[in-house]
>>> print(open('run.cif').read())   # mmCIF, C-alpha atoms
data_work
loop_
_atom_site.label_atom_id
_atom_site.label_comp_id
_atom_site.auth_asym_id
_atom_site.auth_seq_id
_atom_site.Cartn_x
_atom_site.Cartn_y
_atom_site.Cartn_z
CA MET A 1 42.10 104.73 132.59
CA GLY A 2 43.75 101.84 134.41
CA GLU A 3 46.95 100.42 132.97
CA ASN A 4 45.50 96.90 132.81
CA ASN A 5 42.08 97.85 131.57
CA TYR A 6 42.75 96.10 128.31
CA ALA A 7 45.20 93.42 129.45
CA LYS A 8 43.13 90.51 128.14
CA GLU A 9 42.21 92.26 124.89
CA LEU A 10 45.83 93.11 124.17
CA ASP A 11 47.03 89.61 125.04
CA VAL A 12 44.47 87.95 122.76
CA ALA A 13 45.03 90.46 119.94
CA VAL A 14 48.82 89.89 119.96
CA ARG A 15 48.38 86.10 119.82
CA VAL A 16 45.78 86.32 117.06
CA VAL A 17 48.02 88.58 114.95
CA HIS A 18 50.90 86.11 115.39
CA MET A 19 48.55 83.40 114.08
CA ALA A 20 47.49 85.59 111.16
CA CYS A 21 51.12 86.33 110.23
CA SER A 22 51.88 82.64 110.17
CA LEU A 23 48.85 82.08 107.93
CA CYS A 24 49.99 84.83 105.54
CA ARG A 25 53.49 83.43 105.30
CA ARG A 26 52.08 80.02 104.46
CA VAL A 27 49.91 81.46 101.69
CA GLN A 28 52.79 83.64 100.48
CA GLU A 29 55.10 80.64 100.27
CA GLY A 30 52.49 79.12 97.98
CA LEU A 31 52.74 82.30 95.92
CA VAL A 32 56.51 82.36 95.56
CA SER A 33 57.25 78.65 95.51
CA SER A 34 57.09 76.80 92.21
CA THR A 35 54.69 74.20 93.55
CA SER A 36 51.67 76.44 93.67
CA ASN A 37 48.79 75.95 96.07
CA ASP A 38 46.58 73.15 94.67
CA HIS A 39 43.37 74.95 95.46
CA VAL A 40 44.16 78.05 93.47
CA LYS A 41 44.42 76.70 89.97
CA SER A 42 45.16 79.98 88.24
CA LYS A 43 48.59 81.52 88.70
CA ASP A 44 46.72 84.72 89.41
CA ASP A 45 48.57 86.52 92.20
CA ASP A 46 45.44 88.40 93.15
CA SER A 47 43.68 85.17 93.99
CA LEU A 48 46.34 84.26 96.55
CA VAL A 49 46.24 87.61 98.24
CA THR A 50 42.45 87.24 98.29
CA VAL A 51 42.81 83.87 100.01
CA ALA A 52 45.11 85.47 102.59
CA ASP A 53 42.74 88.42 103.11
CA TRP A 54 39.63 86.34 103.69
CA SER A 55 41.41 83.64 105.66
CA VAL A 56 42.89 86.19 108.07
CA GLN A 57 39.51 87.91 108.43
CA ALA A 58 37.76 84.60 109.19
CA THR A 59 40.47 83.53 111.65
CA VAL A 60 40.51 86.84 113.55
CA SER A 61 36.71 86.95 113.63
CA LEU A 62 36.47 83.38 114.97
CA MET A 63 39.23 83.87 117.55
CA LEU A 64 37.84 87.16 118.89
CA SER A 65 34.32 85.70 119.14
CA GLU A 66 35.70 82.65 120.94
CA SER A 67 37.84 84.70 123.35
CA PHE A 68 35.16 87.29 124.14
CA SER A 69 32.09 85.08 123.89
CA ASN A 70 30.47 86.99 126.77
CA GLN A 71 30.26 90.22 124.72
CA LYS A 72 28.88 91.10 121.35
CA VAL A 73 32.05 91.38 119.31
CA SER A 74 31.85 94.21 116.75
CA ILE A 75 34.44 94.07 113.96
CA VAL A 76 35.11 96.66 111.27
CA ALA A 77 37.10 95.06 108.46
CA GLU A 78 38.05 95.65 104.89
CA GLU A 79 36.84 92.53 103.09
CA ASP A 80 33.26 92.05 102.01
CA VAL A 81 31.91 88.51 101.83
CA GLN A 82 29.77 89.13 98.71
CA THR A 83 32.42 88.27 96.14
CA LEU A 84 33.42 85.12 97.99
CA SER A 85 29.86 83.80 97.83
CA ASN A 86 29.79 84.07 94.01
CA SER A 87 29.61 80.79 92.17
CA ASP A 88 32.83 81.56 90.27
CA SER A 89 34.74 81.81 93.55
CA VAL A 90 34.36 78.14 94.43
CA GLY A 91 38.11 77.42 94.11
CA LEU A 92 38.98 80.43 96.26
CA LEU A 93 36.41 79.45 98.87
CA THR A 94 37.82 75.93 99.13
CA ALA A 95 41.29 77.38 99.60
CA VAL A 96 40.02 79.77 102.30
CA VAL A 97 38.24 76.98 104.20
CA ASN A 98 41.36 74.78 104.13
CA THR A 99 43.70 77.65 105.05
CA VAL A 100 41.54 78.72 108.00
CA ASN A 101 41.18 75.17 109.36
CA GLU A 102 44.93 74.61 109.07
CA CYS A 103 45.55 77.83 110.97
CA LEU A 104 42.92 77.18 113.67
CA ALA A 105 44.42 73.74 114.32
CA GLU A 106 47.61 75.53 115.39
CA ALA A 107 45.85 77.85 117.87
CA PRO A 108 47.18 75.99 120.96
CA LYS A 109 50.75 76.82 119.85
CA TYR A 110 49.73 80.48 120.34
CA GLY A 111 47.98 79.86 123.66
CA LEU A 112 44.52 80.05 122.11
CA GLN A 113 41.80 77.45 121.76
CA SER A 114 41.13 75.43 118.59
CA PRO A 115 37.57 74.55 117.61
CA LYS A 116 36.63 70.95 118.49
CA GLU A 117 36.37 70.01 114.83
CA ALA A 118 37.15 71.45 111.41
CA LEU A 119 34.76 74.23 110.39
CA GLY A 120 32.56 74.03 107.33
CA THR A 121 32.15 76.55 104.54
CA SER A 122 29.03 78.16 105.98
CA GLN A 123 30.65 78.74 109.40
CA ILE A 124 33.65 80.39 107.76
CA LEU A 125 31.51 82.58 105.48
CA GLU A 126 29.48 83.57 108.53
CA ALA A 127 32.64 84.53 110.46
CA ILE A 128 33.76 86.75 107.55
CA SER A 129 30.34 88.37 107.15
CA ARG A 130 30.11 89.11 110.89
CA CYS A 131 32.82 91.74 110.33
CA ASN A 132 30.27 94.26 109.13
CA SER A 133 30.40 96.95 111.80
CA THR A 134 30.71 100.57 110.72
CA GLY A 135 32.46 101.73 113.90
CA GLY A 136 31.56 105.14 115.27
CA ARG A 137 31.84 106.98 118.57
CA ASN A 138 29.80 104.56 120.73
CA GLY A 139 30.78 101.20 122.12
CA ARG A 140 33.79 99.08 121.32
CA HIS A 141 34.86 98.03 117.85
CA TRP A 142 37.73 95.90 116.67
CA VAL A 143 39.25 97.27 113.47
CA LEU A 144 41.05 94.87 111.14
CA ASP A 145 43.05 95.19 107.95
CA PRO A 146 43.76 91.52 107.16
CA VAL A 147 46.51 92.12 104.57
CA ASP A 148 47.57 95.75 104.29
CA GLY A 149 49.82 96.25 101.27
CA THR A 150 48.53 93.88 98.60
CA LEU A 151 51.33 94.71 96.17
CA GLY A 152 53.95 94.16 98.83
CA PHE A 153 52.39 90.79 99.64
CA VAL A 154 52.41 89.68 96.01
CA ARG A 155 56.03 90.79 95.49
CA GLY A 156 57.33 89.12 98.63
CA ASP A 157 58.00 92.61 100.00
CA GLN A 158 56.51 94.51 102.96
CA TYR A 159 52.90 94.06 104.08
CA ALA A 160 51.13 94.09 107.45
CA VAL A 161 48.32 92.53 109.46
CA ALA A 162 46.73 95.30 111.53
CA LEU A 163 44.31 94.93 114.42
CA ALA A 164 43.16 97.74 116.71
CA LEU A 165 40.46 98.23 119.32
CA ILE A 166 38.46 101.45 119.35
CA GLU A 167 36.41 102.31 122.42
CA GLU A 168 34.06 105.29 122.52
CA GLY A 169 35.74 106.65 119.38
CA LYS A 170 39.35 106.37 120.64
CA VAL A 171 41.97 103.79 119.66
CA VAL A 172 42.89 101.98 122.88
CA ILE A 173 45.08 99.13 121.64
CA GLY A 174 46.95 98.48 118.41
CA VAL A 175 48.77 95.41 117.10
CA LEU A 176 50.77 95.42 113.87
CA GLY A 177 52.20 92.23 112.42
CA CYS A 178 54.98 92.80 109.85
CA PRO A 179 55.93 89.35 108.53
CA ASN A 180 58.78 90.51 106.27
CA TYR A 181 60.27 93.25 108.43
CA PRO A 182 64.01 92.66 108.76
CA ARG A 183 65.08 92.18 112.37
CA LYS A 184 68.33 94.02 111.64
CA LYS A 185 67.99 97.65 110.69
CA GLU A 186 71.00 97.33 108.38
CA TRP A 187 68.86 95.29 105.99
CA LEU A 188 66.49 98.24 105.66
CA ASN A 189 68.78 99.69 103.03
CA HIS A 190 66.87 102.65 101.65
CA HIS A 191 68.31 102.33 98.15
CA GLN A 192 67.93 98.64 97.46
CA SER A 193 64.87 96.58 96.96
CA TYR A 194 63.96 94.04 99.58
CA GLN A 195 64.44 91.37 96.94
CA SER A 196 68.20 91.84 97.16
CA ILE A 197 68.26 90.99 100.85
CA PRO A 198 69.68 87.48 101.17
CA LYS A 199 66.82 85.05 101.61
CA MET A 200 68.16 82.60 104.15
CA SER A 201 66.28 79.58 105.33
CA ASP A 202 64.13 79.74 108.45
CA THR A 203 66.53 77.44 110.27
CA SER A 204 69.22 80.10 110.37
CA ASP A 205 69.11 82.07 113.58
CA THR A 206 71.15 84.88 112.10
CA TRP A 207 68.31 85.81 109.78
CA GLU A 208 64.88 85.78 111.28
CA LYS A 209 62.69 88.44 109.84
CA GLY A 210 59.26 89.49 110.89
CA CYS A 211 57.90 91.06 114.05
CA VAL A 212 54.69 91.97 115.84
CA LEU A 213 54.47 95.44 117.43
CA TYR A 214 51.83 96.41 119.94
CA ALA A 215 50.81 99.16 122.35
CA GLN A 216 48.07 100.18 124.74
CA ARG A 217 46.79 103.74 124.99
CA GLY A 218 48.26 105.74 127.85
CA SER A 219 50.97 103.23 128.75
CA GLY A 220 53.78 105.28 127.20
CA GLU A 221 55.30 102.03 125.92
CA ALA A 222 55.35 100.12 122.66
CA TRP A 223 56.62 96.57 122.39
CA MET A 224 57.93 94.25 119.73
CA GLN A 225 58.10 90.45 119.55
CA PRO A 226 59.87 88.41 116.90
CA LEU A 227 57.56 86.29 114.77
CA ILE A 228 57.22 82.69 115.81
CA HIS A 229 59.11 80.50 113.34
CA GLY A 230 58.52 76.81 112.74
CA ASN A 231 57.58 74.71 115.73
CA LYS A 232 59.90 76.31 118.22
CA LYS A 233 58.46 76.67 121.69
CA HIS A 234 57.72 80.36 122.04
CA ASN A 235 58.52 82.04 125.33
CA TRP A 236 55.80 84.69 125.40
CA SER A 237 56.94 86.48 128.52
CA ASN A 238 60.59 86.90 127.57
CA SER A 239 60.38 87.57 123.86
CA ALA A 240 59.10 91.15 123.95
CA GLN A 241 61.43 94.13 123.76
CA ARG A 242 60.49 97.76 124.09
CA VAL A 243 60.70 99.94 121.00
CA GLN A 244 61.18 103.70 120.95
CA VAL A 245 61.25 106.35 118.28
CA SER A 246 64.56 107.75 117.04
CA ALA A 247 66.12 110.69 118.84
CA ILE A 248 67.14 112.41 115.57
CA ASP A 249 65.59 115.85 115.31
CA ASP A 250 67.72 117.39 112.56
CA PRO A 251 65.89 117.19 109.20
CA ALA A 252 69.21 116.74 107.36
CA LEU A 253 69.76 113.45 109.18
CA ALA A 254 66.16 112.28 109.13
CA THR A 255 64.85 109.46 106.94
CA PHE A 256 61.39 109.84 105.54
CA CYS A 257 58.98 107.14 104.39
CA GLU A 258 56.33 107.46 101.76
CA PRO A 259 53.97 105.04 100.02
CA VAL A 260 55.26 103.04 97.04
CA GLU A 261 52.01 103.17 95.08
CA LYS A 262 51.34 106.29 93.06
CA ALA A 263 47.62 105.59 92.88
CA ASN A 264 46.48 107.28 96.06
CA THR A 265 49.43 109.43 97.01
CA ASN A 266 50.97 112.63 95.68
CA HIS A 267 54.72 112.00 95.41
CA SER A 268 55.54 115.36 93.85
CA PHE A 269 53.97 117.25 96.74
CA THR A 270 55.82 115.17 99.38
CA ALA A 271 59.06 115.75 97.44
CA GLY A 272 58.39 119.51 97.64
CA VAL A 273 57.76 119.31 101.38
CA ALA A 274 60.91 117.24 101.90
CA HIS A 275 62.97 119.77 99.96
CA SER A 276 61.45 122.73 101.81
CA MET A 277 62.13 121.06 105.14
CA GLY A 278 65.74 120.19 104.27
CA LEU A 279 65.39 116.42 104.20
CA ASN A 280 68.52 115.33 102.31
CA LYS A 281 68.23 111.59 102.49
CA GLN A 282 66.68 109.45 99.78
CA PRO A 283 63.06 108.70 100.75
CA LEU A 284 62.29 105.18 101.86
CA ARG A 285 59.37 103.90 99.80
CA VAL A 286 57.63 101.22 101.80
CA HIS A 287 54.41 99.33 101.19
CA SER A 288 51.66 99.37 103.80
CA MET A 289 51.47 100.30 107.48
CA VAL A 290 55.02 98.98 107.87
CA LYS A 291 55.89 102.71 107.58
CA TYR A 292 54.40 103.23 111.05
CA ALA A 293 56.45 100.27 112.32
CA ALA A 294 59.64 101.83 110.91
CA ILE A 295 58.99 105.03 112.86
CA ALA A 296 58.04 103.25 116.10
CA ARG A 297 61.21 101.13 115.89
CA GLY A 298 63.41 104.16 115.22
CA ASP A 299 64.40 103.06 111.70
CA ALA A 300 62.88 106.19 110.10
CA GLU A 301 61.79 109.57 111.46
CA ILE A 302 59.02 110.85 109.19
CA PHE A 303 56.07 109.46 107.25
CA MET A 304 53.75 111.63 105.23
CA LYS A 305 50.87 110.73 103.01
CA PHE A 306 48.95 113.20 100.89
CA ALA A 307 46.26 111.43 98.91
CA GLN A 308 45.03 112.58 95.53
CA SER A 309 41.93 114.69 96.01
CA GLY A 310 38.76 112.68 96.49
CA TYR A 311 40.50 109.75 98.18
CA LYS A 312 39.20 109.10 101.70
CA GLU A 313 41.53 107.53 104.26
CA LYS A 314 40.07 104.46 105.95
CA ILE A 315 40.39 103.86 109.68
CA TRP A 316 41.82 100.34 109.29
CA ASP A 317 44.79 101.69 107.30
CA HIS A 318 45.95 103.79 110.25
CA ALA A 319 44.44 102.88 113.66
CA ALA A 320 46.99 100.26 114.80
CA GLY A 321 50.00 102.14 113.40
CA VAL A 322 49.04 105.48 114.95
CA ILE A 323 48.70 104.24 118.53
CA ILE A 324 51.96 102.26 118.30
CA VAL A 325 53.90 105.31 117.05
CA GLU A 326 52.32 107.55 119.71
CA GLU A 327 53.07 105.19 122.59
CA ALA A 328 56.63 104.73 121.28
CA GLY A 329 57.08 108.49 121.71
CA GLY A 330 56.11 109.81 118.28
CA VAL A 331 53.49 112.24 117.01
CA VAL A 332 50.79 111.57 114.39
CA THR A 333 48.37 114.26 113.16
CA ASP A 334 46.78 115.53 110.00
CA ALA A 335 48.61 118.21 108.01
CA GLY A 336 47.01 120.95 110.10
CA GLY A 337 48.42 119.44 113.29
CA HIS A 338 45.09 118.03 114.55
CA PRO A 339 44.84 114.49 115.98
CA LEU A 340 43.19 111.92 113.67
CA ASP A 341 39.54 111.30 114.49
CA PHE A 342 38.66 107.59 114.59
CA SER A 343 35.13 108.17 115.88
CA ARG A 344 33.41 109.05 112.60
CA GLY A 345 32.80 105.62 111.08
CA LEU A 346 34.81 103.87 108.38
CA TYR A 347 36.72 106.95 107.22
CA LEU A 348 38.98 109.54 108.83
CA GLU A 349 36.48 112.33 108.18
CA GLY A 350 37.50 115.96 108.55
CA LEU A 351 41.12 115.21 107.71
CA ASP A 352 43.12 118.33 106.88
CA ARG A 353 44.91 117.49 103.57
CA GLY A 354 46.99 114.50 104.64
CA ILE A 355 48.62 112.50 107.41
CA VAL A 356 52.01 113.17 108.96
CA ALA A 357 53.84 111.02 111.49
CA CYS A 358 57.11 112.00 113.15
CA SER A 359 59.52 110.62 115.70
CA GLY A 360 59.19 113.75 117.85
CA THR A 361 57.73 117.22 118.28
CA THR A 362 60.70 119.16 116.86
CA LEU A 363 60.52 117.42 113.48
CA HIS A 364 56.75 117.52 113.59
CA GLU A 365 56.65 121.31 113.97
CA LYS A 366 59.13 121.72 111.11
CA LEU A 367 57.15 119.34 108.95
CA ILE A 368 53.83 121.11 109.55
CA GLY A 369 55.56 124.42 108.70
CA ALA A 370 57.01 122.96 105.50
CA VAL A 371 53.58 121.60 104.51
CA TYR A 372 52.07 125.07 104.85
CA ALA A 373 54.89 126.65 102.87
CA SER A 374 54.68 124.05 100.09
CA TRP A 375 50.90 124.15 100.05
CA GLU A 376 50.92 127.88 99.34
CA SER A 377 53.27 127.37 96.41
CA SER A 378 51.53 124.30 94.95
CA ASN A 379 48.01 124.00 93.66
CA LEU A 380 47.35 120.49 94.96
#
>>> encode(input="run.cif", output="structure tokens")
Amino acid sequence: MGENNYAKELDVAVRVVHMACSLCRRVQEGLVSSTSNDHVKSKDDDSLVTVADWSVQATVSLMLSESFSNQKVSIVAEEDVQTLSNSDSVGLLTAVVNTVNECLAEAPKYGLQSPKEALGTSQILEAISRCNSTGGRNGRHWVLDPVDGTLGFVRGDQYAVALALIEEGKVVIGVLGCPNYPRKKEWLNHHQSYQSIPKMSDTSDTWEKGCVLYAQRGSGEAWMQPLIHGNKKHNWSNSAQRVQVSAIDDPALATFCEPVEKANTNHSFTAGVAHSMGLNKQPLRVHSMVKYAAIARGDAEIFMKFAQSGYKEKIWDHAAGVIIVEEAGGVVTDAGGHPLDFSRGLYLEGLDRGIVACSGTTLHEKLIGAVYASWESSNL
């Protein structure tokens, strides 16, 4: 596969994710500022994350269709348009339409094209509902998680915008926008909440958080760009820096990430595995796919997720993160050591127990061994 096979796709995807991150921050500022967004009358946090979800989905759908107008663009995405069409969602729909138009007007700042005029409700609903592909092993499918980590978004903590391209059942590019990721690793203090990080204004160059990570299959490289802040002219070519996984291979020195939410993860089992493997450090509990970003950037070495039985992992929760970690030099498999299969539709079917990601093969082998040992002694 040629190195530049996906040059245009990757370029467009990175720009679109930058746009989506900017949109999310704008909605999130409405959530945390006292002057709440006019369109969302209730102070219901869920409604704002819903506005962000649908607005990102509409924006990405419109931008991909515009950029690849010569192909039938197939998009697999999390949000379903049904609820937005309900009569009781009128306020939300107005907010989505306004948010999307505001974002699209800024497209030229990201090197993309704005529509000639503001879009109406029906065009935006249509863009959201076009994201109805079910993926699979044939053809090419974009996979989007518009706001991964709803709780993180609502709390002003970690969340991600994830976009990947799957071709013939394999992930070929991945882009992960992490709007609240601290640029300085020191701020990723494992024992304090993100809320205690000083919130400095955007004008301060010493504190600019947020990044977009991206990678293309087979390149052996993963890259990171800082988020675009304010109206600064963004130098696309010079802003990217290469990221690589950590070189730590001693479990005693390794940091491991796990999900924050208890709902679909088994914390007691991961604690058992960590103990059996000799991980001494306090686990880093992080919302969303930002865990994959932490491994790709070398800020953590291990991520494991063992869902409660019956929970099925969805492709959009992993596709972008997995390819970025792999191209940055890491390893991602299921708990039996098999690669994740993205060719089976919306879910990671045939998954052996859980998902493990590591900065390198040494830790990965130890982790798989510890999973087997703990599995025998637990009745998960």
>>> atom_distance(input="run.cif", atom1="atom CA of Thr265 of chain A", atom2="atom CA of Ala357 of chain A")
15.2 Å
>>> atom_distance(input="run.cif", atom1="atom CA of Ser276 of chain A", atom2="atom CA of Ala370 of chain A")
5.8 Å
>>> atom_distance(input="run.cif", atom1="atom CA of Asp341 of chain A", atom2="atom CA of Gln241 of chain A")
29.3 Å
>>> resolve_selection(input="run.cif", expression="the PyMOL selection byres ((chain A and resi 221) around 8)", output="ChimeraX atom specification")
/A:215-216,219-220,222-223,242-244,327-329
>>> resolve_selection(input="run.cif", expression="the PyMOL selection byres ((chain A and resi 225) around 8)", output="list in words")
Cys211, Val212, Leu213, Trp223, Met224, Pro226, Leu227, Ser239, Ala240 and Gln241 of chain A
>>> resolve_selection(input="run.cif", expression="the PyMOL selection byres ((chain A and resi 320) around 6)", output="ChimeraX atom specification")
/A:162-164,174-175,318-319,321-323
>>> residues_around(input="run.cif", residues="Val27 of chain A", least_positions_apart="2", cutoff="9 Å", atoms="all atoms listed in the file", output="list in words")
Ser22, Leu23, Cys24, Arg25, Glu29, Gly30, Leu31, Asn37, Leu48, Val49, Val51, Ala52 and Thr99 of chain A
>>> residues_around(input="run.cif", residues="Glu167 of chain A", least_positions_apart="4", cutoff="7 Å", atoms="all atoms listed in the file", output="ChimeraX atom specification")
/A:139-141,171-172
>>> decode(input="run.cif", residues="segment 319-329 of chain A", atoms="all heavy atoms", output="short mmCIF file (atom, residue, chain, number, x, y, z; two decimals), in the first residue's frame")
data_model
loop_
_atom_site.label_atom_id
_atom_site.label_comp_id
_atom_site.auth_asym_id
_atom_site.auth_seq_id
_atom_site.Cartn_x
_atom_site.Cartn_y
_atom_site.Cartn_z
N ALA A 319 -11.62 2.54 16.86
CA ALA A 319 -10.90 2.54 15.57
C ALA A 319 -9.78 3.58 15.49
O ALA A 319 -8.62 3.25 15.21
CB ALA A 319 -11.89 2.74 14.41
N ALA A 320 -10.09 4.85 15.74
CA ALA A 320 -9.08 5.91 15.59
C ALA A 320 -7.94 5.73 16.59
O ALA A 320 -6.76 5.86 16.26
CB ALA A 320 -9.73 7.29 15.76
N GLY A 321 -8.29 5.39 17.85
CA GLY A 321 -7.27 5.25 18.89
C GLY A 321 -6.32 4.10 18.62
O GLY A 321 -5.10 4.22 18.82
N VAL A 322 -6.85 3.00 18.13
CA VAL A 322 -6.04 1.80 17.90
C VAL A 322 -4.96 2.06 16.84
O VAL A 322 -3.78 1.77 17.05
CB VAL A 322 -6.93 0.60 17.49
CG1 VAL A 322 -6.08 -0.56 16.97
CG2 VAL A 322 -7.79 0.15 18.67
N ILE A 323 -5.35 2.64 15.72
CA ILE A 323 -4.35 2.84 14.65
C ILE A 323 -3.29 3.85 15.08
O ILE A 323 -2.10 3.71 14.78
CB ILE A 323 -5.01 3.22 13.30
CG1 ILE A 323 -3.94 3.29 12.19
CG2 ILE A 323 -5.79 4.51 13.37
CD1 ILE A 323 -4.51 3.47 10.79
N ILE A 324 -3.69 4.86 15.86
CA ILE A 324 -2.71 5.87 16.31
C ILE A 324 -1.69 5.23 17.26
O ILE A 324 -0.48 5.45 17.14
CB ILE A 324 -3.43 7.08 16.94
CG1 ILE A 324 -4.19 7.85 15.83
CG2 ILE A 324 -2.44 8.00 17.65
CD1 ILE A 324 -5.17 8.89 16.34
N VAL A 325 -2.18 4.41 18.20
CA VAL A 325 -1.25 3.73 19.12
C VAL A 325 -0.33 2.78 18.35
O VAL A 325 0.89 2.75 18.58
CB VAL A 325 -2.03 2.96 20.22
CG1 VAL A 325 -1.11 1.99 20.97
CG2 VAL A 325 -2.67 3.95 21.20
N GLU A 326 -0.89 2.03 17.40
CA GLU A 326 -0.06 1.07 16.65
C GLU A 326 1.02 1.78 15.84
O GLU A 326 2.18 1.37 15.84
CB GLU A 326 -0.95 0.21 15.74
CG GLU A 326 -1.79 -0.78 16.54
CD GLU A 326 -2.75 -1.61 15.68
OE1 GLU A 326 -3.05 -1.20 14.53
OE2 GLU A 326 -3.21 -2.65 16.17
N GLU A 327 0.65 2.85 15.16
CA GLU A 327 1.64 3.55 14.33
C GLU A 327 2.65 4.30 15.19
O GLU A 327 3.76 4.58 14.73
CB GLU A 327 0.95 4.49 13.32
CG GLU A 327 0.05 3.77 12.30
CD GLU A 327 0.79 2.72 11.46
OE1 GLU A 327 1.95 2.99 11.06
OE2 GLU A 327 0.23 1.64 11.19
N ALA A 328 2.28 4.62 16.43
CA ALA A 328 3.23 5.28 17.35
C ALA A 328 4.18 4.26 17.98
O ALA A 328 5.04 4.62 18.78
CB ALA A 328 2.46 6.03 18.44
N GLY A 329 3.98 2.96 17.65
CA GLY A 329 4.89 1.93 18.14
C GLY A 329 4.30 1.01 19.19
O GLY A 329 5.00 0.15 19.73
#
